[in-house]
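> Coordinates in query09.cif, mmCIF, C-alpha atoms, are listed below.
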data_work
loop_
_atom_site.group_PDB
_atom_site.id
_atom_site.type_symbol
_atom_site.label_atom_id
_atom_site.label_comp_id
_atom_site.auth_asym_id
_atom_site.auth_seq_id
_atom_site.Cartn_x
_atom_site.Cartn_y
_atom_site.Cartn_z
ATOM 1 C CA MET A 18 -90.839 134.951 136.529
ATOM 2 C CA LEU A 19 -87.406 134.270 135.095
ATOM 3 C CA LEU A 20 -84.918 131.861 136.583
ATOM 4 C CA VAL A 21 -81.559 133.551 137.118
ATOM 5 C CA LEU A 22 -78.595 131.186 137.064
ATOM 6 C CA ALA A 23 -75.179 131.831 138.561
ATOM 7 C CA GLU A 24 -72.129 131.832 136.291
ATOM 8 C CA GLU A 25 -71.032 128.481 137.716
ATOM 9 C CA HIS A 26 -74.341 126.883 136.701
ATOM 10 C CA LYS A 27 -74.061 128.412 133.237
ATOM 11 C CA GLU A 28 -70.598 126.882 132.865
ATOM 12 C CA HIS A 29 -71.861 123.461 133.950
ATOM 13 C CA LEU A 30 -74.762 123.629 131.514
ATOM 14 C CA GLY A 31 -72.428 124.832 128.749
ATOM 15 C CA PHE A 32 -71.229 121.248 128.430
ATOM 16 C CA LEU A 33 -74.632 120.321 127.002
ATOM 17 C CA THR A 34 -73.920 122.308 123.818
ATOM 18 C CA ARG A 35 -71.114 119.900 122.915
ATOM 19 C CA VAL A 36 -73.183 116.715 123.106
ATOM 20 C CA ASP A 37 -75.994 115.192 121.068
ATOM 21 C CA ALA A 38 -79.670 115.790 121.904
ATOM 22 C CA ALA A 39 -80.078 112.126 122.878
ATOM 23 C CA VAL A 40 -77.324 112.566 125.457
ATOM 24 C CA VAL A 41 -79.106 115.608 126.898
ATOM 25 C CA GLY A 42 -82.293 113.557 127.181
ATOM 26 C CA GLU A 43 -80.362 110.803 128.959
ATOM 27 C CA PHE A 44 -78.782 113.376 131.280
ATOM 28 C CA CYS A 45 -82.259 114.611 132.163
ATOM 29 C CA ARG A 46 -83.337 111.053 132.994
ATOM 30 C CA ILE A 47 -80.194 110.665 135.134
ATOM 31 C CA ALA A 48 -80.981 113.974 136.880
ATOM 32 C CA VAL A 49 -84.485 112.769 137.802
ATOM 33 C CA GLU A 50 -83.008 109.462 139.044
ATOM 34 C CA PHE A 51 -80.450 111.509 140.992
ATOM 35 C CA LEU A 52 -83.348 113.219 142.778
ATOM 36 C CA LYS A 53 -85.094 109.931 143.512
ATOM 37 C CA LYS A 54 -82.198 107.731 144.587
ATOM 38 C CA GLY A 55 -79.203 109.993 145.103
ATOM 39 C CA SER A 56 -75.926 110.214 143.258
ATOM 40 C CA ASN A 57 -74.456 107.182 141.493
ATOM 41 C CA PRO A 58 -70.792 107.715 140.514
ATOM 42 C CA LYS A 59 -70.792 104.628 138.274
ATOM 43 C CA ILE A 60 -73.320 106.261 135.937
ATOM 44 C CA PHE A 61 -71.130 109.357 135.665
ATOM 45 C CA GLU A 62 -68.033 107.252 134.998
ATOM 46 C CA GLY A 63 -69.760 105.233 132.264
ATOM 47 C CA ALA A 64 -71.085 108.341 130.542
ATOM 48 C CA ALA A 65 -67.681 110.026 130.795
ATOM 49 C CA ARG A 66 -65.992 107.048 129.091
ATOM 50 C CA LYS A 67 -68.541 107.065 126.260
ATOM 51 C CA LEU A 68 -68.192 110.821 125.729
ATOM 52 C CA ASN A 69 -64.398 110.890 126.205
ATOM 53 C CA VAL A 70 -64.522 113.549 128.918
ATOM 54 C CA ASN A 71 -63.681 113.456 132.598
ATOM 55 C CA THR A 72 -66.198 112.292 135.189
ATOM 56 C CA GLU A 73 -66.413 115.682 136.880
ATOM 57 C CA THR A 74 -67.587 117.330 133.656
ATOM 58 C CA VAL A 75 -70.409 114.818 133.262
ATOM 59 C CA GLN A 76 -71.369 115.095 136.931
ATOM 60 C CA ASN A 77 -71.403 118.899 136.749
ATOM 61 C CA GLY A 78 -73.530 118.772 133.585
ATOM 62 C CA VAL A 79 -76.087 116.449 135.193
ATOM 63 C CA GLU A 80 -76.143 118.482 138.413
ATOM 64 C CA GLY A 81 -76.549 121.712 136.436
ATOM 65 C CA LEU A 82 -79.442 120.201 134.510
ATOM 66 C CA MET A 83 -80.945 118.919 137.758
ATOM 67 C CA TYR A 84 -80.673 122.393 139.296
ATOM 68 C CA LEU A 85 -82.311 123.972 136.252
ATOM 69 C CA MET A 86 -85.189 121.495 136.343
ATOM 70 C CA THR A 87 -85.735 121.565 140.119
ATOM 71 C CA GLU A 88 -85.653 125.346 140.441
ATOM 72 C CA SER A 89 -87.956 125.739 137.441
ATOM 73 C CA SER A 90 -90.328 123.147 138.877
ATOM 74 C CA LYS A 91 -90.274 124.716 142.338
ATOM 75 C CA MET A 92 -91.283 128.089 140.949
ATOM 76 C CA MET A 93 -93.711 126.562 138.416
ATOM 77 C CA ILE A 94 -92.159 128.628 135.654
ATOM 78 C CA SER A 95 -94.317 128.980 132.558
ATOM 79 C CA GLU A 96 -93.190 127.764 129.145
ATOM 80 C CA VAL A 97 -92.326 131.263 127.968
ATOM 81 C CA ASP A 98 -90.360 132.088 131.116
ATOM 82 C CA PHE A 99 -88.477 128.792 130.911
ATOM 83 C CA GLN A 100 -87.534 129.500 127.305
ATOM 84 C CA ASP A 101 -86.408 133.007 128.238
ATOM 85 C CA SER A 102 -84.369 131.646 131.153
ATOM 86 C CA VAL A 103 -82.646 129.069 128.944
ATOM 87 C CA LEU A 104 -82.137 131.548 126.097
ATOM 88 C CA VAL A 105 -79.464 133.299 128.160
ATOM 89 C CA LEU A 106 -77.392 130.107 128.142
ATOM 90 C CA GLY A 107 -76.739 130.391 124.413
ATOM 91 C CA PHE A 108 -78.068 126.977 123.392
ATOM 92 C CA SER A 109 -79.220 126.182 119.895
ATOM 93 C CA GLU A 110 -82.931 126.456 119.132
ATOM 94 C CA ASP A 111 -83.243 122.661 118.970
ATOM 95 C CA LEU A 112 -81.596 122.232 122.366
ATOM 96 C CA ASN A 113 -83.857 124.938 123.846
ATOM 97 C CA LYS A 114 -86.922 123.113 122.528
ATOM 98 C CA LEU A 115 -85.618 119.804 123.875
ATOM 99 C CA LEU A 116 -84.981 121.279 127.337
ATOM 100 C CA LEU A 117 -88.453 122.839 127.329
ATOM 101 C CA GLN A 118 -90.037 119.505 126.407
ATOM 102 C CA LEU A 119 -88.013 117.699 129.085
ATOM 103 C CA TYR A 120 -89.086 120.320 131.630
ATOM 104 C CA LEU A 121 -92.748 120.020 130.696
ATOM 105 C CA ASP A 122 -92.596 116.213 130.743
ATOM 106 C CA ASN A 123 -90.850 115.987 134.122
ATOM 107 C CA ARG A 124 -91.968 118.991 136.179
ATOM 108 C CA ARG A 125 -94.925 117.229 137.804
ATOM 109 C CA GLU A 126 -92.736 114.272 138.794
ATOM 110 C CA ILE A 127 -89.967 116.573 140.042
ATOM 111 C CA ARG A 128 -92.444 118.541 142.181
ATOM 112 C CA GLN A 129 -93.727 115.285 143.648
ATOM 113 C CA ILE A 130 -90.186 114.129 144.465
ATOM 114 C CA LEU A 131 -89.351 117.485 146.046
ATOM 115 C CA SER A 132 -92.497 117.398 148.169
ATOM 116 C CA GLU A 133 -91.557 113.926 149.428
ATOM 117 C CA LEU A 134 -88.048 115.120 150.288
ATOM 118 C CA ALA A 135 -89.261 118.179 152.179
ATOM 119 C CA PRO A 136 -88.980 117.800 155.943
ATOM 120 C CA ASP A 137 -92.179 117.517 157.936
ATOM 121 C CA LEU A 138 -91.905 120.546 160.178
ATOM 122 C CA PRO A 139 -93.599 120.516 163.554
ATOM 123 C CA HIS A 140 -96.805 122.482 163.750
ATOM 124 C CA TYR A 141 -99.638 123.094 166.161
ATOM 125 C CA HIS A 142 -102.848 121.173 165.742
ATOM 126 C CA ASN A 143 -104.964 123.042 168.275
ATOM 127 C CA LEU A 144 -104.173 126.548 169.445
ATOM 128 C CA GLU A 145 -106.812 126.682 172.179
ATOM 129 C CA TRP A 146 -104.762 125.806 175.215
ATOM 130 C CA ARG A 147 -105.729 126.021 178.862
ATOM 131 C CA LEU A 148 -103.927 125.196 182.048
ATOM 132 C CA ASP A 149 -105.849 122.986 184.434
ATOM 133 C CA VAL A 150 -104.647 123.714 187.949
ATOM 134 C CA GLN A 151 -106.002 122.114 191.103
ATOM 135 C CA LYS A 152 -105.375 123.847 194.370
ATOM 136 C CA ASN A 153 -107.162 122.279 197.302
ATOM 137 C CA ALA A 154 -110.551 121.307 195.875
ATOM 138 C CA PRO A 155 -111.676 123.729 193.142
ATOM 139 C CA THR A 156 -110.267 123.649 189.612
ATOM 140 C CA TYR A 157 -109.097 126.884 188.037
ATOM 141 C CA LEU A 158 -108.945 127.230 184.251
ATOM 142 C CA ILE A 159 -106.497 129.873 183.180
ATOM 143 C CA PRO A 160 -106.268 130.902 179.529
ATOM 144 C CA ALA A 161 -102.721 130.570 178.179
ATOM 145 C CA THR A 162 -102.848 134.129 176.855
ATOM 146 C CA SER A 163 -102.920 135.500 180.402
ATOM 147 C CA ILE A 164 -99.629 133.770 181.128
ATOM 148 C CA THR A 165 -97.881 135.399 178.205
ATOM 149 C CA ALA A 166 -99.177 138.794 179.338
ATOM 150 C CA CYS A 167 -97.160 138.629 182.580
ATOM 151 C CA TYR A 168 -93.755 140.197 182.316
ATOM 152 C CA ASP A 169 -92.391 139.225 185.719
ATOM 153 C CA LEU A 170 -92.745 135.438 185.534
ATOM 154 C CA PRO A 171 -91.065 133.095 188.042
ATOM 155 C CA THR A 172 -88.736 130.383 186.789
ATOM 156 C CA THR A 173 -90.558 127.178 187.712
ATOM 157 C CA SER A 174 -93.979 126.143 186.491
ATOM 158 C CA TYR A 175 -95.268 125.574 190.044
ATOM 159 C CA ASP A 176 -94.291 129.122 191.009
ATOM 160 C CA LEU A 177 -95.857 130.346 187.800
ATOM 161 C CA VAL A 178 -99.198 128.689 188.537
ATOM 162 C CA THR A 179 -99.289 129.867 192.141
ATOM 163 C CA THR A 180 -98.349 133.390 191.062
ATOM 164 C CA MET A 181 -101.107 133.374 188.479
ATOM 165 C CA LEU A 182 -103.597 132.150 191.058
ATOM 166 C CA ARG A 183 -102.648 134.930 193.451
ATOM 167 C CA VAL A 184 -103.247 137.560 190.762
#
Before we go any further, please render this structure as structure tokens.

Amino acid sequence: MLLVLAEEHKEHLGFLTRVDAAVVGEFCRIAVEFLKKGSNPKIFEGAARKLNVNTETVQNGVEGLMYLMTESSKMMISEVDFQDSVLVLGFSEDLNKLLLQLYLDNRREIRQILSELAPDLPHYHNLEWRLDVQKNAPTYLIPATSITACYDLPTTSYDLVTTMLRV
């Protein structure tokens, strides 16, 4: 499965062709830290001063790299598919190999971070529900499926139970 990047992401990652491989490795480390702790503008400003570019360019490069790594990790892209996905970006062979190595080194950690960030959605623990209704002395157990089968249900729960008991 290939990862298809939008033109905007390709432009952001295009900045990586103009920097050294060590800088790309540092950007990858910053991207993983970005996932863990959130954005830190001071890091972007310091890197921008060292590289003599504006802060937005550095931030876009790190965010583009983070997007590439997170989407690849989410889909568990194989080595070959990752290389094919990055090949479209027009990077040198050395940079492609470096990005592949960074992906392989960090994908397990990125997947763990993403799983921790995922919201815990509500879910049912037990789907065997029954209504316990007492009218006078005896107890009536009514399966919940019989309630959903009624089309002409009253508005209040008391009316609903008494209607079901009359049926």
> For range 62-77 of chain A, find every residue with an atom within 8 Å (counting only C-alpha atoms), except residues of its own chain fewer than 2 positions away, and show them as a compact mmCIF listing (two decimals) with C-alpha atoms, in the frame of the given file.

# COMPACT_ATOMS: atom_id res chain seq x y z
CA HIS A 29 -71.86 123.46 133.95
CA LEU A 30 -74.76 123.63 131.51
CA PHE A 32 -71.23 121.25 128.43
CA PRO A 58 -70.79 107.72 140.51
CA LYS A 59 -70.79 104.63 138.27
CA ILE A 60 -73.32 106.26 135.94
CA VAL A 79 -76.09 116.45 135.19
CA GLU A 80 -76.14 118.48 138.41
CA GLY A 81 -76.55 121.71 136.44
> What separation in Å, quoted to one decimal, exists between CA of Phe108 in chain A and CA of Leu82 in chain A?
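Distance reported for this atom pair: 13.1 Å.
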> For CA of Val41 in chain A and CA of Leu104 in chain A, determine how far apart the two atoms are, in Å to one decimal place.
16.2 Å
> Report the residues retrieved by the PyMOL selection byres ((chain A and resi 130-138) around 10) from the displayed file, expressed as a PyMOL selection string.
chain A and resi 49+52-53+87+90-91+124-129+139-140
> State, in Å with one decimal place, the distance from CA of Leu33 in chain A to CA of Val97 in chain A.
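Taking CA of Leu33 in chain A as the start and CA of Val97 in chain A as the end point, the length is 20.8 Å.
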> Show me, as lines of an AutoDock Vina configuration file, the centre and edge lengths in Å to one decimal of the axis-aligned box that covers every listed atom of range 90-99 of chain A with 5 Å on each side.

center_x = -91.4
center_y = 127.6
center_z = 135.2
size_x = 15.8
size_y = 18.9
size_z = 24.4
